[in-house]
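Asks: For reference, the file upload.txt (compact mmCIF, C-alpha atoms and all ligand atoms) is included below:
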# COMPACT_ATOMS: atom_id res chain seq x y z
CA MET E 1002 1.30 -17.46 -25.07
CA ARG E 1003 -0.04 -15.05 -27.61
CA GLY E 1004 2.91 -12.83 -28.54
CA THR E 1005 4.81 -13.41 -31.77
CA SER E 1006 8.58 -13.73 -31.56
CA ALA E 1007 8.87 -10.22 -33.00
CA ASP E 1008 6.71 -8.95 -30.10
CA ARG E 1009 8.94 -10.76 -27.63
CA ASP E 1010 11.97 -9.05 -29.12
CA ILE E 1011 10.29 -5.72 -28.48
CA GLY E 1012 9.86 -6.64 -24.80
CA ARG E 1013 13.46 -7.83 -24.48
CA SER E 1014 14.95 -4.85 -26.14
CA LEU E 1015 12.85 -2.48 -24.00
CA TRP E 1016 14.28 -4.14 -20.87
CA GLU E 1017 17.80 -3.67 -22.21
CA ARG E 1018 17.12 -0.06 -23.11
CA ALA E 1019 15.57 0.55 -19.69
CA GLN E 1020 18.53 -0.91 -17.81
CA ALA E 1021 20.93 1.24 -19.79
CA VAL E 1022 19.29 4.52 -18.74
CA ILE E 1023 17.29 3.89 -15.53
CA PRO E 1024 18.93 2.41 -12.39
CA GLY E 1025 17.97 -1.28 -12.44
CA GLY E 1026 15.63 -0.56 -15.34
CA VAL E 1027 12.74 0.61 -13.15
CA ASN E 1028 11.53 3.74 -11.40
CA SER E 1029 10.67 1.93 -8.14
CA PRO E 1030 12.69 -1.09 -6.93
CA VAL E 1031 10.06 -3.80 -6.42
CA ARG E 1032 8.95 -3.47 -10.06
CA SER E 1033 12.21 -5.10 -11.13
CA PHE E 1034 11.10 -8.66 -10.16
CA ARG E 1035 14.49 -9.10 -8.48
CA SER E 1036 13.12 -10.96 -5.49
CA VAL E 1037 11.00 -13.38 -7.53
CA GLY E 1038 13.30 -13.88 -10.52
CA GLY E 1039 12.50 -13.28 -14.16
CA THR E 1040 12.21 -9.95 -15.93
CA PRO E 1041 9.33 -7.49 -15.74
CA PHE E 1042 6.88 -7.09 -18.60
CA PHE E 1043 6.19 -3.69 -20.11
CA VAL E 1044 2.61 -2.51 -19.93
CA GLU E 1045 0.78 -1.45 -23.04
CA ARG E 1046 -2.59 -0.78 -21.37
CA GLY E 1047 -4.86 -1.60 -18.45
CA GLU E 1048 -8.47 -2.76 -18.85
CA GLY E 1049 -10.65 -3.45 -15.82
CA ALA E 1050 -9.03 -6.34 -13.92
CA TYR E 1051 -6.36 -6.85 -16.58
CA LEU E 1052 -3.00 -5.55 -17.69
CA VAL E 1053 -1.94 -6.08 -21.29
CA ASP E 1054 1.78 -6.08 -22.03
CA THR E 1055 3.70 -4.95 -25.11
CA GLU E 1056 3.77 -8.56 -26.32
CA GLY E 1057 -0.01 -8.86 -26.20
CA HIS E 1058 -0.22 -11.06 -23.06
CA ARG E 1059 -3.11 -10.40 -20.69
CA TYR E 1060 -2.68 -10.72 -16.93
CA VAL E 1061 -5.29 -10.74 -14.19
CA ASP E 1062 -3.86 -7.89 -12.16
CA PHE E 1063 -3.72 -8.28 -8.38
CA VAL E 1064 -1.16 -5.48 -8.01
CA LEU E 1065 -3.36 -2.66 -9.34
CA SER E 1066 -0.59 -0.10 -9.38
CA TRP E 1067 0.30 -1.20 -5.82
CA GLY E 1068 -3.09 -0.33 -4.44
CA PRO E 1069 -4.60 2.82 -5.95
CA LEU E 1070 -6.90 1.24 -8.54
CA VAL E 1071 -9.77 -0.09 -6.44
CA LEU E 1072 -12.09 0.50 -9.44
CA GLY E 1073 -9.70 -1.39 -11.71
CA HIS E 1074 -7.92 0.03 -14.74
CA SER E 1075 -9.48 2.76 -16.87
CA HIS E 1076 -12.78 2.90 -15.00
CA PRO E 1077 -15.18 5.16 -16.95
CA ALA E 1078 -15.93 7.28 -13.87
CA VAL E 1079 -12.23 8.12 -13.48
CA ILE E 1080 -11.46 8.49 -17.19
CA ASP E 1081 -14.47 10.77 -17.78
CA ALA E 1082 -13.45 12.99 -14.87
CA LEU E 1083 -9.90 13.22 -16.21
CA GLU E 1084 -11.08 14.03 -19.73
CA ALA E 1085 -13.40 16.72 -18.44
CA GLN E 1086 -10.49 18.33 -16.58
CA LEU E 1087 -7.85 17.90 -19.30
CA SER E 1088 -9.27 20.46 -21.69
CA ARG E 1089 -9.30 23.01 -18.87
CA GLY E 1090 -5.59 22.64 -18.10
CA THR E 1091 -3.16 20.51 -16.15
CA SER E 1092 -1.97 22.69 -13.27
CA TYR E 1093 -2.68 26.19 -11.97
CA GLY E 1094 -0.75 26.75 -8.76
CA ALA E 1095 -3.86 28.45 -7.45
CA PRO E 1096 -6.83 27.05 -5.49
CA THR E 1097 -9.56 24.99 -7.19
CA THR E 1098 -13.01 23.69 -6.27
CA ALA E 1099 -11.85 20.08 -6.71
CA GLU E 1100 -9.25 20.42 -3.94
CA VAL E 1101 -11.87 21.65 -1.51
CA GLU E 1102 -14.19 18.82 -2.52
CA LEU E 1103 -11.51 16.17 -2.05
CA ALA E 1104 -10.57 17.59 1.36
CA GLU E 1105 -14.25 17.70 2.39
CA ARG E 1106 -14.68 14.12 1.27
CA LEU E 1107 -11.68 12.93 3.33
CA VAL E 1108 -12.94 14.82 6.37
CA ARG E 1109 -16.41 13.32 5.93
CA LEU E 1110 -15.20 9.74 5.51
CA VAL E 1111 -12.18 9.40 7.79
CA ALA E 1112 -13.05 9.76 11.47
CA GLY E 1113 -9.65 11.07 12.60
CA VAL E 1114 -9.42 13.74 9.91
CA GLU E 1115 -10.84 17.18 10.71
CA MET E 1116 -8.48 19.08 8.44
CA VAL E 1117 -6.20 17.83 5.69
CA ARG E 1118 -3.30 18.95 3.47
CA LEU E 1119 -2.88 17.43 -0.01
CA VAL E 1120 0.60 16.52 -1.24
CA ASN E 1121 2.00 14.46 -4.14
CA SER E 1122 2.95 11.09 -2.65
CA GLY E 1123 2.67 8.96 0.44
CA THR E 1124 6.34 9.56 1.15
CA GLU E 1125 5.82 13.29 1.23
CA ALA E 1126 2.77 12.90 3.44
CA THR E 1127 4.46 10.73 6.10
CA MET E 1128 7.53 12.95 6.10
CA SER E 1129 5.34 16.00 6.69
CA ALA E 1130 3.21 14.25 9.32
CA LEU E 1131 6.38 13.45 11.27
CA ARG E 1132 7.47 17.09 11.14
CA VAL E 1133 4.07 18.20 12.40
CA ALA E 1134 4.03 15.59 15.18
CA ARG E 1135 7.47 16.73 16.33
CA ALA E 1136 6.52 20.39 16.22
CA PHE E 1137 3.22 19.86 18.03
CA THR E 1138 4.72 17.82 20.87
CA GLY E 1139 8.13 19.50 21.01
CA ARG E 1140 9.73 16.02 21.06
CA SER E 1141 11.85 14.25 18.45
CA ARG E 1142 11.76 10.49 18.98
CA PHE E 1143 9.16 8.29 17.35
CA LEU E 1144 8.37 4.60 17.34
CA LYS E 1145 7.78 2.52 14.26
CA PHE E 1146 7.31 -1.20 13.75
CA ALA E 1147 9.57 -3.60 11.89
CA GLY E 1148 8.22 -4.19 8.40
CA CYS E 1149 5.99 -1.12 8.30
CA TYR E 1150 6.78 1.07 5.31
CA HIS E 1151 6.20 4.78 5.65
CA GLY E 1152 7.72 5.95 2.39
CA HIS E 1153 11.41 6.54 1.78
CA ALA E 1154 12.16 9.67 3.78
CA ASP E 1155 15.41 9.19 5.73
CA SER E 1156 13.94 8.93 9.24
CA PHE E 1157 11.70 6.02 8.25
CA LEU E 1158 14.28 3.86 6.51
CA VAL E 1159 14.75 1.48 9.38
CA SER E 1160 13.32 -1.99 8.80
CA ALA E 1161 10.97 -0.58 6.21
CA GLY E 1162 9.34 -3.63 4.67
CA SER E 1163 8.70 -4.54 1.04
CA GLY E 1164 11.41 -3.14 -1.22
CA VAL E 1165 13.89 -2.76 1.58
CA ALA E 1166 13.23 -6.18 3.15
CA THR E 1167 13.18 -7.81 -0.24
CA LEU E 1168 16.58 -6.46 -1.14
CA GLY E 1169 17.90 -7.47 2.27
CA LEU E 1170 18.92 -3.96 3.22
CA PRO E 1171 18.52 -3.46 6.96
CA ASN E 1172 18.80 0.22 6.26
CA SER E 1173 19.99 2.31 3.35
CA PRO E 1174 23.39 3.79 2.63
CA GLY E 1175 23.08 7.54 2.47
CA VAL E 1176 20.96 7.76 5.61
CA PRO E 1177 23.15 9.30 8.32
CA HIS E 1178 23.04 7.58 11.71
CA GLU E 1179 22.08 10.86 13.35
CA VAL E 1180 18.90 10.99 11.28
CA VAL E 1181 17.61 7.60 12.45
CA ARG E 1182 18.90 7.98 15.99
CA ASP E 1183 15.43 9.15 17.02
CA THR E 1184 13.65 6.29 15.29
CA ALA E 1185 12.78 3.48 17.71
CA LEU E 1186 11.91 0.09 16.29
CA LEU E 1187 9.77 -2.66 17.77
CA SER E 1188 7.84 -5.69 16.57
CA PHE E 1189 4.33 -5.26 15.11
CA ASN E 1190 1.69 -6.78 17.40
CA ASP E 1191 4.06 -6.77 20.39
CA LEU E 1192 2.08 -4.46 22.63
CA ASP E 1193 4.04 -5.34 25.76
CA ALA E 1194 7.29 -4.14 24.20
CA SER E 1195 5.67 -0.83 23.23
CA ARG E 1196 4.25 -0.45 26.75
CA ASP E 1197 7.64 -1.13 28.31
CA LEU E 1198 9.41 1.38 26.09
CA PHE E 1199 6.86 4.09 26.83
CA ALA E 1200 6.83 3.31 30.54
CA ARG E 1201 10.57 4.06 30.59
CA GLN E 1202 10.94 6.85 28.01
CA GLY E 1203 7.44 7.79 26.86
CA ASP E 1204 7.92 11.50 27.51
CA GLU E 1205 10.64 11.63 24.84
CA PHE E 1206 8.31 10.41 22.09
CA ALA E 1207 6.50 12.64 19.60
CA ALA E 1208 4.56 9.81 18.02
CA ILE E 1209 3.92 6.20 17.22
CA PHE E 1210 3.67 5.60 13.47
CA VAL E 1211 1.91 2.42 12.40
CA GLU E 1212 0.30 0.85 9.37
CA PRO E 1213 -2.91 -0.21 11.15
CA VAL E 1214 -2.95 -3.24 8.88
CA MET E 1215 0.59 -4.05 7.80
CA GLY E 1216 0.66 -4.36 4.02
CA ASN E 1217 4.33 -3.88 3.27
CA ALA E 1218 5.65 -7.13 4.74
CA GLY E 1219 2.96 -9.21 3.10
CA LEU E 1220 -0.48 -8.79 4.64
CA ILE E 1221 -0.36 -8.90 8.46
CA LEU E 1222 -3.42 -7.98 10.51
CA PRO E 1223 -3.34 -6.29 13.90
CA GLU E 1224 -4.09 -8.73 16.71
CA PRO E 1225 -7.15 -7.80 18.80
CA GLY E 1226 -6.15 -5.09 21.27
CA PHE E 1227 -2.95 -4.01 19.53
CA LEU E 1228 -4.27 -0.77 17.99
CA ASP E 1229 -6.36 0.06 21.08
CA GLY E 1230 -3.25 -0.50 23.15
CA LEU E 1231 -1.22 1.94 21.04
CA ARG E 1232 -4.02 4.50 21.41
CA GLU E 1233 -3.94 4.13 25.17
CA ILE E 1234 -0.13 4.34 25.41
CA THR E 1235 0.13 7.47 23.26
CA GLU E 1236 -2.67 9.19 25.15
CA ARG E 1237 -1.10 8.41 28.49
CA HIS E 1238 2.31 9.76 27.48
CA GLY E 1239 1.27 12.80 25.46
CA ALA E 1240 2.50 11.38 22.15
CA LEU E 1241 0.53 11.37 18.89
CA LEU E 1242 -0.81 8.21 17.31
CA VAL E 1243 -0.25 8.36 13.56
CA PHE E 1244 -1.97 5.85 11.29
CA ASP E 1245 -0.28 5.45 7.96
CA GLU E 1246 -3.34 4.62 5.88
CA VAL E 1247 -1.64 5.21 2.53
CA MET E 1248 -2.45 1.60 1.67
CA THR E 1249 -5.39 0.79 3.97
CA GLY E 1250 -7.32 4.03 3.37
CA PHE E 1251 -10.29 3.20 1.13
CA ARG E 1252 -8.98 -0.35 0.83
CA VAL E 1253 -10.08 -2.08 4.05
CA ASP E 1254 -13.19 0.03 4.58
CA LEU E 1255 -14.78 3.26 3.42
CA GLY E 1256 -13.59 4.79 6.70
CA GLY E 1257 -10.10 3.29 6.46
CA ALA E 1258 -8.64 0.88 9.01
CA GLN E 1259 -9.60 3.37 11.72
CA GLY E 1260 -13.25 2.96 10.69
CA ARG E 1261 -12.98 -0.78 10.63
CA TYR E 1262 -11.20 -1.19 13.99
CA GLY E 1263 -12.75 1.78 15.76
CA VAL E 1264 -9.44 3.29 16.86
CA ILE E 1265 -9.11 6.97 16.00
CA PRO E 1266 -5.56 8.33 15.56
CA ASP E 1267 -4.43 11.93 16.01
CA LEU E 1268 -2.96 12.09 12.50
CA THR E 1269 -3.74 10.05 9.41
CA VAL E 1270 -1.57 9.71 6.34
CA MET E 1271 -3.20 8.81 3.02
CA GLY E 1272 -2.28 8.28 -0.62
CA LYS E 1273 -2.81 5.64 -3.31
CA VAL E 1274 -6.63 5.24 -3.63
CA ILE E 1275 -7.33 8.94 -2.96
CA GLY E 1276 -5.59 9.84 -6.23
CA GLY E 1277 -7.39 7.35 -8.48
CA GLY E 1278 -4.06 6.36 -10.04
CA LEU E 1279 -2.52 9.81 -10.23
CA PRO E 1280 0.22 10.99 -7.85
CA VAL E 1281 -1.38 12.16 -4.58
CA GLY E 1282 -0.80 11.96 -0.87
CA ALA E 1283 -2.46 13.63 2.09
CA PHE E 1284 -2.01 14.05 5.80
CA GLY E 1285 -4.74 15.15 8.13
CA GLY E 1286 -5.96 14.95 11.66
CA ARG E 1287 -7.22 16.89 14.62
CA LYS E 1288 -7.76 20.54 13.84
CA GLU E 1289 -5.53 21.88 16.61
CA ILE E 1290 -2.64 19.81 15.24
CA MET E 1291 -3.24 20.61 11.56
CA GLU E 1292 -3.45 24.30 12.36
CA CYS E 1293 0.30 24.13 13.02
CA VAL E 1294 0.83 23.70 9.27
CA ALA E 1295 1.89 26.74 7.24
CA PRO E 1296 0.43 29.19 6.46
CA ALA E 1297 -2.08 28.63 9.31
CA GLY E 1298 0.87 27.87 11.62
CA PRO E 1299 4.67 27.77 11.68
CA VAL E 1300 5.41 24.22 10.38
CA TYR E 1301 6.63 24.60 6.81
CA GLN E 1302 5.20 22.36 4.12
CA ALA E 1303 4.65 23.19 0.46
CA GLY E 1304 4.36 21.76 -3.07
CA THR E 1305 4.32 23.20 -6.60
CA LEU E 1306 1.89 20.56 -7.87
CA SER E 1307 0.05 19.85 -4.59
CA GLY E 1308 -3.71 19.58 -5.10
CA ASN E 1309 -3.11 19.11 -8.82
CA PRO E 1310 -6.38 19.42 -10.79
CA LEU E 1311 -5.98 16.13 -12.67
CA ALA E 1312 -5.10 14.20 -9.52
CA THR E 1313 -7.97 15.70 -7.55
CA ALA E 1314 -10.40 15.04 -10.44
CA ALA E 1315 -9.41 11.34 -10.53
CA GLY E 1316 -9.40 11.07 -6.74
CA ASN E 1317 -12.80 12.71 -6.36
CA ALA E 1318 -14.29 10.48 -9.05
CA GLN E 1319 -12.98 7.28 -7.48
CA LEU E 1320 -13.97 8.25 -3.94
CA ALA E 1321 -17.43 9.41 -5.05
CA TRP E 1322 -17.98 6.00 -6.62
CA LEU E 1323 -16.84 4.24 -3.44
CA GLU E 1324 -19.09 6.44 -1.32
CA GLU E 1325 -22.08 5.63 -3.48
CA TYR E 1326 -21.59 1.87 -3.78
CA ASP E 1327 -19.50 0.92 -0.71
CA PRO E 1328 -18.13 -2.33 -2.22
CA PHE E 1329 -15.89 -3.42 0.65
CA GLU E 1330 -18.07 -6.14 2.16
CA ARG E 1331 -18.55 -7.71 -1.25
CA LEU E 1332 -14.85 -7.42 -2.03
CA GLU E 1333 -13.94 -9.07 1.26
CA LYS E 1334 -16.28 -12.00 0.53
CA TYR E 1335 -14.73 -12.38 -2.90
CA GLY E 1336 -11.25 -12.15 -1.38
CA SER E 1337 -12.09 -14.89 1.12
CA ARG E 1338 -13.16 -17.19 -1.68
CA LEU E 1339 -9.95 -16.41 -3.54
CA VAL E 1340 -7.62 -16.91 -0.57
CA ASN E 1341 -9.41 -20.03 0.68
CA GLY E 1342 -9.32 -21.39 -2.86
CA LEU E 1343 -5.58 -20.76 -3.12
CA LEU E 1344 -4.89 -22.27 0.30
CA ASP E 1345 -6.91 -25.38 -0.61
CA VAL E 1346 -4.95 -25.78 -3.83
CA LEU E 1347 -1.61 -25.40 -2.03
CA SER E 1348 -2.56 -27.72 0.80
CA ALA E 1349 -3.72 -30.37 -1.72
CA SER E 1350 -0.15 -30.28 -3.04
CA GLY E 1351 1.28 -30.52 0.47
CA ILE E 1352 2.61 -26.95 0.47
CA PRO E 1353 2.37 -25.21 3.86
CA ALA E 1354 0.70 -21.81 3.46
CA CYS E 1355 -1.49 -19.35 5.29
CA GLY E 1356 -3.37 -16.27 4.15
CA ARG E 1357 -5.62 -13.39 5.19
CA VAL E 1358 -8.12 -10.99 3.68
CA VAL E 1359 -9.28 -7.61 4.89
CA GLY E 1360 -11.57 -5.51 2.71
CA SER E 1361 -9.96 -5.45 -0.72
CA MET E 1362 -6.47 -6.44 0.51
CA TRP E 1363 -5.30 -10.04 0.59
CA GLY E 1364 -2.13 -12.02 0.93
CA ILE E 1365 -0.70 -15.49 1.33
CA PHE E 1366 2.55 -16.63 2.90
CA PHE E 1367 4.35 -19.88 2.23
CA HIS E 1368 4.43 -20.43 5.96
CA PRO E 1369 2.24 -22.73 8.09
CA GLY E 1370 1.08 -19.65 10.05
CA PRO E 1371 0.24 -17.70 11.97
CA VAL E 1372 2.21 -14.71 10.63
CA GLN E 1373 1.96 -11.80 13.06
CA SER E 1374 5.17 -9.89 12.52
CA LEU E 1375 7.95 -9.20 10.03
CA GLU E 1376 10.03 -11.87 11.74
CA ASP E 1377 7.34 -14.49 11.04
CA ALA E 1378 7.06 -13.26 7.44
CA GLU E 1379 10.80 -13.60 7.00
CA ASN E 1380 10.53 -17.24 8.02
CA SER E 1381 8.24 -17.93 5.07
CA ASP E 1382 9.55 -19.81 2.05
CA THR E 1383 10.38 -16.86 -0.22
CA SER E 1384 12.15 -18.91 -2.87
CA ARG E 1385 9.04 -21.05 -3.29
CA PHE E 1386 7.02 -17.84 -3.53
CA GLY E 1387 9.34 -16.72 -6.34
CA LEU E 1388 8.71 -19.98 -8.21
CA PHE E 1389 4.98 -19.65 -7.66
CA HIS E 1390 5.03 -16.06 -8.88
CA ARG E 1391 6.77 -17.04 -12.11
CA GLU E 1392 4.44 -19.99 -12.79
CA MET E 1393 1.37 -17.83 -12.13
CA LEU E 1394 2.68 -15.08 -14.40
CA LYS E 1395 3.22 -17.59 -17.22
CA ARG E 1396 -0.45 -18.50 -16.82
CA GLY E 1397 -1.69 -14.93 -16.98
CA VAL E 1398 -1.90 -14.01 -13.27
CA PHE E 1399 0.10 -11.07 -11.96
CA LEU E 1400 0.73 -11.31 -8.22
CA ALA E 1401 2.85 -8.73 -6.42
CA PRO E 1402 6.45 -9.58 -7.38
CA SER E 1403 7.62 -9.99 -3.76
CA ALA E 1404 6.73 -12.31 -0.90
CA PHE E 1405 6.56 -9.17 1.26
CA GLU E 1406 3.74 -7.37 -0.51
CA ALA E 1407 -0.01 -7.44 -0.07
CA SER E 1408 -2.15 -8.13 -3.11
CA PHE E 1409 -5.29 -6.18 -4.05
CA LEU E 1410 -8.73 -6.60 -5.54
CA SER E 1411 -10.76 -4.25 -7.68
CA ILE E 1412 -14.49 -4.10 -8.31
CA ARG E 1413 -13.74 -5.41 -11.80
CA HIS E 1414 -12.48 -8.78 -10.53
CA GLY E 1415 -15.27 -11.32 -11.04
CA GLU E 1416 -16.02 -15.04 -11.38
CA ARG E 1417 -14.02 -15.42 -14.56
CA GLU E 1418 -10.87 -14.01 -12.95
CA LEU E 1419 -11.38 -16.15 -9.84
CA GLU E 1420 -11.61 -19.31 -11.94
CA LEU E 1421 -8.66 -18.36 -14.10
CA THR E 1422 -6.54 -17.68 -11.00
CA LEU E 1423 -7.43 -20.93 -9.24
CA LYS E 1424 -6.86 -22.94 -12.40
CA ALA E 1425 -3.43 -21.33 -12.80
CA ALA E 1426 -2.70 -22.06 -9.13
CA ARG E 1427 -3.60 -25.75 -9.51
CA GLU E 1428 -1.09 -26.09 -12.33
CA ALA E 1429 1.54 -23.95 -10.59
CA ALA E 1430 1.21 -25.85 -7.29
CA LYS E 1431 2.06 -29.15 -9.03
CA ILE E 1432 5.21 -27.61 -10.45
CA ILE E 1433 6.48 -26.02 -7.22
CA GLN E 1434 5.56 -28.99 -4.98
C1 LIG T 1 2.96 3.12 -0.59
C2 LIG T 1 3.07 3.49 0.81
C3 LIG T 1 3.74 4.67 1.22
C4 LIG T 1 4.49 5.53 0.25
O1 LIG T 1 3.67 6.13 -0.70
P1 LIG T 1 4.35 6.66 -2.06
O2 LIG T 1 3.22 7.34 -2.76
O3 LIG T 1 4.85 5.44 -2.76
O4 LIG T 1 5.44 7.58 -1.68
C5 LIG T 1 3.72 5.01 2.55
N1 LIG T 1 3.10 4.26 3.45
C6 LIG T 1 2.45 3.12 3.11
C7 LIG T 1 1.75 2.33 4.17
C8 LIG T 1 2.44 2.69 1.80
O5 LIG T 1 1.84 1.54 1.48
Rewrite the coordinates I just gave you, this time as C-alpha cells.
Ligand SMILES: *Cc1c(COP(=O)(O)O)cnc(C)c1O

Replies:
Amino acid sequence: MRGTSADRDIGRSLWERAQAVIPGGVNSPVRSFRSVGGTPFFVERGEGAYLVDTEGHRYVDFVLSWGPLVLGHSHPAVIDALEAQLSRGTSYGAPTTAEVELAERLVRLVAGVEMVRLVNSGTEATMSALRVARAFTGRSRFLKFAGCYHGHADSFLVSAGSGVATLGLPNSPGVPHEVVRDTALLSFNDLDASRDLFARQGDEFAAIFVEPVMGNAGLILPEPGFLDGLREITERHGALLVFDEVMTGFRVDLGGAQGRYGVIPDLTVMGKVIGGGLPVGAFGGRKEIMECVAPAGPVYQAGTLSGNPLATAAGNAQLAWLEEYDPFERLEKYGSRLVNGLLDVLSASGIPACGRVVGSMWGIFFHPGPVQSLEDAENSDTSRFGLFHREMLKRGVFLAPSAFEASFLSIRHGERELELTLKAAREAAKIIQ
C-alpha cells in the first residue's frame, strides 16, 4: 500500500462527492463495484498494462476500459495520432479522410462488412442495426440470447447480461412492454430451441442478434455448430444474422469472431477497439442492406459527432498497429498461461473453477464447469468471486468488478504482470478458501 493517509482521504472524499452528484457515483453501473463489494478507485492515469489511482496505487489492468485498449493505456501509436489531430481541431461536421480510411479498414478486415456507418457507441450501433434489419425484411420480431448484451436501447433490455444481470434486474423499469414484445429470448448455445422457434414462426423474424462469443455474462464460447446453425436458420427463413462484435471485434481475431469461426453474418456491429479508447461504434454489412441507410436509402440514422476526427484518428492508429503485427495468437497463448495458472492456484486451494480464453479475451467462473449459458453462469459462486476480486485488488490486480464480465489482455501485458497476478492469486486463494 503506497498511498499516504492524506491521499486516501482524497479518494474517499471523491467517492462522496461523486455519489452526491452522479447517480450511484458512476457514469456506467458496473463501475460502481456494487456486485463485488468495496468502493471504486479513481484513476489518475493509465500506463501500458497498468492503471494508477489518485492514491498512487498501481493495478495490473485486465479491464482495459472494458475492452477497447488492446494496445494498453497510452500507447505511443494512439497518442501520437491524437496529438497530430488535436491541433487541427476536434470536430467538423463535414467529411474527413480519416473516416474513409477507418471505413475502408473495417471493410478490408471484417468479412461480413462491405459498407459501414460510423456512430458514437455500441448502443447506438446495435439500435441502428435493428432498425435496418427490420426495414430490410419488413418484419419486427427478433431473437436474442439470455446474457447477451447489445447496449441499452429499449428493445434489447431483456436478459441483457453484465450490468443488468449483476443488479438482478430481469428487465428495466421505463421499458414499455410493447417495446420488448417483439424481442424473443432463448438460451445461448441451445440451437434446437432456436430451430424450433423458427420452424414455427420464422417468417415473423427480422433477425437473430448474437454476441458470437458471449462476453457480457462472463466469457462463454459458442459450442461447435451453434453459429453455423444460426446462419443456416436465418438463411432458410429470410431473416438477417447480426453479429454483435462490439466486444469480439479485433479482440478474438483480426477478422473478428466471424473470421475466427468462419461464419459470415449479414450485419456486424462494432465498437470498443475500433475507437482506440475514444467513443465510437459502427454497423456494417452486405451492401444491399447498408444501402437502405439514409441518405443512400430511407432508413434514418444520424449523429452530430459521428465519424469524429479524434475518434477516427485513435481508431485508425490502433487498427493499423493490429494489422501490421497481428498479435492475437501470441495473446491467446499468454491468456492460456494466465488462465491455466489461475485455475491451478484455485484448484490447489480446493476451489472449484473453470475458465476459457479466446484471442485477447479471458474469463474464469467459480463453477466446476462447463459454463455454456447464462443459466450456468448464474450458478457460479458470485459471492466468492466478490471476495476474490477484493483480495486481488488489494494486491494490485484489477479484474472486472463483476462475475459476469469477461476480462481482457493488452499487448503490454508481459511476464512481470503474469507473475504478479499469479502471486496475488496464490495469496487471495488462501483467504477465500
Ligand atoms: C459494450 C457492448 C455494447 C455497448 O457498447 P457501448 O459503447 O457501451 O454502448 C454492445 N454490445 C456488446 C457485445 C458490448 O460488449

Asks: Any residue with an atom at most 8 Å from ligand LIG 1 (chain T) counts, using only C-alpha atoms and all ligand atoms. Which are they? Put them as a ChimeraX atom specification.

Replies: /E:1067-1068,1121-1127,1149-1153,1212,1215-1217,1245-1249,1270-1273,1280-1282

Asks: Using all atoms listed in the file, determine which residues lie at most 8 Å from stretch 1103-1107 of chain E, disregarding the query and same-chain residues fewer than 2 positions distant; provide the list as a list in words.

Replies: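 With the cut-off at 8 Å, the set is Ala1099, Glu1100, Val1101, Arg1109, Leu1110, Val1111, Val1114, Met1116, Val1117, Arg1118, Leu1119, Thr1313, Gly1316, Asn1317 and Leu1320 of chain E.
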
Asks: Those selected residues, please, written with C-alpha atoms and delivered as an mmCIF file, in the frame of the given file.

Replies:
data_model
loop_
_atom_site.group_PDB
_atom_site.id
_atom_site.type_symbol
_atom_site.label_atom_id
_atom_site.label_comp_id
_atom_site.auth_asym_id
_atom_site.auth_seq_id
_atom_site.Cartn_x
_atom_site.Cartn_y
_atom_site.Cartn_z
ATOM 1 C CA ALA E 1099 -11.850 20.080 -6.710
ATOM 2 C CA GLU E 1100 -9.250 20.420 -3.940
ATOM 3 C CA VAL E 1101 -11.870 21.650 -1.510
ATOM 4 C CA ARG E 1109 -16.410 13.320 5.930
ATOM 5 C CA LEU E 1110 -15.200 9.740 5.510
ATOM 6 C CA VAL E 1111 -12.180 9.400 7.790
ATOM 7 C CA VAL E 1114 -9.420 13.740 9.910
ATOM 8 C CA MET E 1116 -8.480 19.080 8.440
ATOM 9 C CA VAL E 1117 -6.200 17.830 5.690
ATOM 10 C CA ARG E 1118 -3.300 18.950 3.470
ATOM 11 C CA LEU E 1119 -2.880 17.430 -0.010
ATOM 12 C CA THR E 1313 -7.970 15.700 -7.550
ATOM 13 C CA GLY E 1316 -9.400 11.070 -6.740
ATOM 14 C CA ASN E 1317 -12.800 12.710 -6.360
ATOM 15 C CA LEU E 1320 -13.970 8.250 -3.940
#

Asks: Excluding stretch 1202-1211 of chain E and any residue of its chain fewer than 4 positions from it, enumerate the residues within 8 Å of it, using only C-alpha atoms, and give them as a ChimeraX atom specification.

Replies: /E:1131,1134-1135,1138-1146,1149,1198,1231,1235,1238-1245

Asks: Of the residues E:Ala1407, E:Leu1323, E:Leu1186, E:Ile1433, which is the one nearest to E:Pro1353, using all atoms listed in the file?

Replies: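 Ranked by minimum distance to E:Pro1353, first place goes to E:Ile1433.
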
Asks: In terms of the shortest atom-to-atom distance over all atoms listed in the file, which of E:Ala1401, E:Ala1297, E:Ala1378, E:Ala1050 is closest to E:Ala1354?

Replies: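 The shortest atom-to-atom distance to E:Ala1354 comes from E:Ala1378.
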
Asks: Compute the distance from (-7.3, -17.1, -2.2) to each atom, counting only C-alpha atoms, keep the residues with any atom at most 9 Å away, and return them as a ChimeraX atom specification; use the coordinates of the file.

Replies: /E:1335-1345,1356-1358,1363-1365,1419,1422-1423

Asks: Quick one: pull the distance between atom CA of E:Ser1088 and atom CA of E:Tyr1051, Å, one decimal.

Replies: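 So the answer is 27.9 Å.
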
Asks: With distances taken over only C-alpha atoms, which of E:Leu1065, E:Ala1154, E:Ala1021, E:Leu1087 is nearest to E:Ser1129?

Replies: E:Ala1154

Asks: Rounded to one decimal in Å, what is the spacing between atom CA of E:Ala1404 and atom CA of E:Phe1386?

Replies: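 Answer for the atom CA of E:Ala1404 to atom CA of E:Phe1386 separation: 6.1 Å.
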
Asks: For E:Val1274, which of E:Asp1062, E:Glu1179, E:Glu1084, E:Asp1254 is the closest residue, counting only C-alpha atoms?

Replies: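 Between E:Asp1062, E:Glu1179, E:Glu1084, E:Asp1254, the residue approaching E:Val1274 most closely is E:Asp1254.
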
Asks: Could you check the closest approach to E:Gly1276 for each of E:Gln1434, E:Asn1309, E:Ser1075, E:Ser1348 and tell me which residue wins, using all atoms listed in the file?

Replies: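 Result for the nearest residue to E:Gly1276: E:Asn1309.
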
Asks: Once you count only C-alpha atoms, which residues end up no further than 12 Å from (14.3, -14.7, -9.0) in the file's frame, shown as a ChimeraX atom specification?

Replies: /E:1031,1033-1041,1167-1168,1383-1392,1402-1404

Asks: So the first atom is atom CA of E:Pro1177 and the second is atom CA of E:Phe1157; what is the distance between them in Å, to one decimal place?

Replies: 11.9 Å

Asks: Between E:Pro1369, E:Gly1094, E:Gly1304, E:Pro1328, which one has atoms that come closest to E:Val1120, using all atoms listed in the file?

Replies: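 Of all the options, E:Gly1304 lies closest to E:Val1120.
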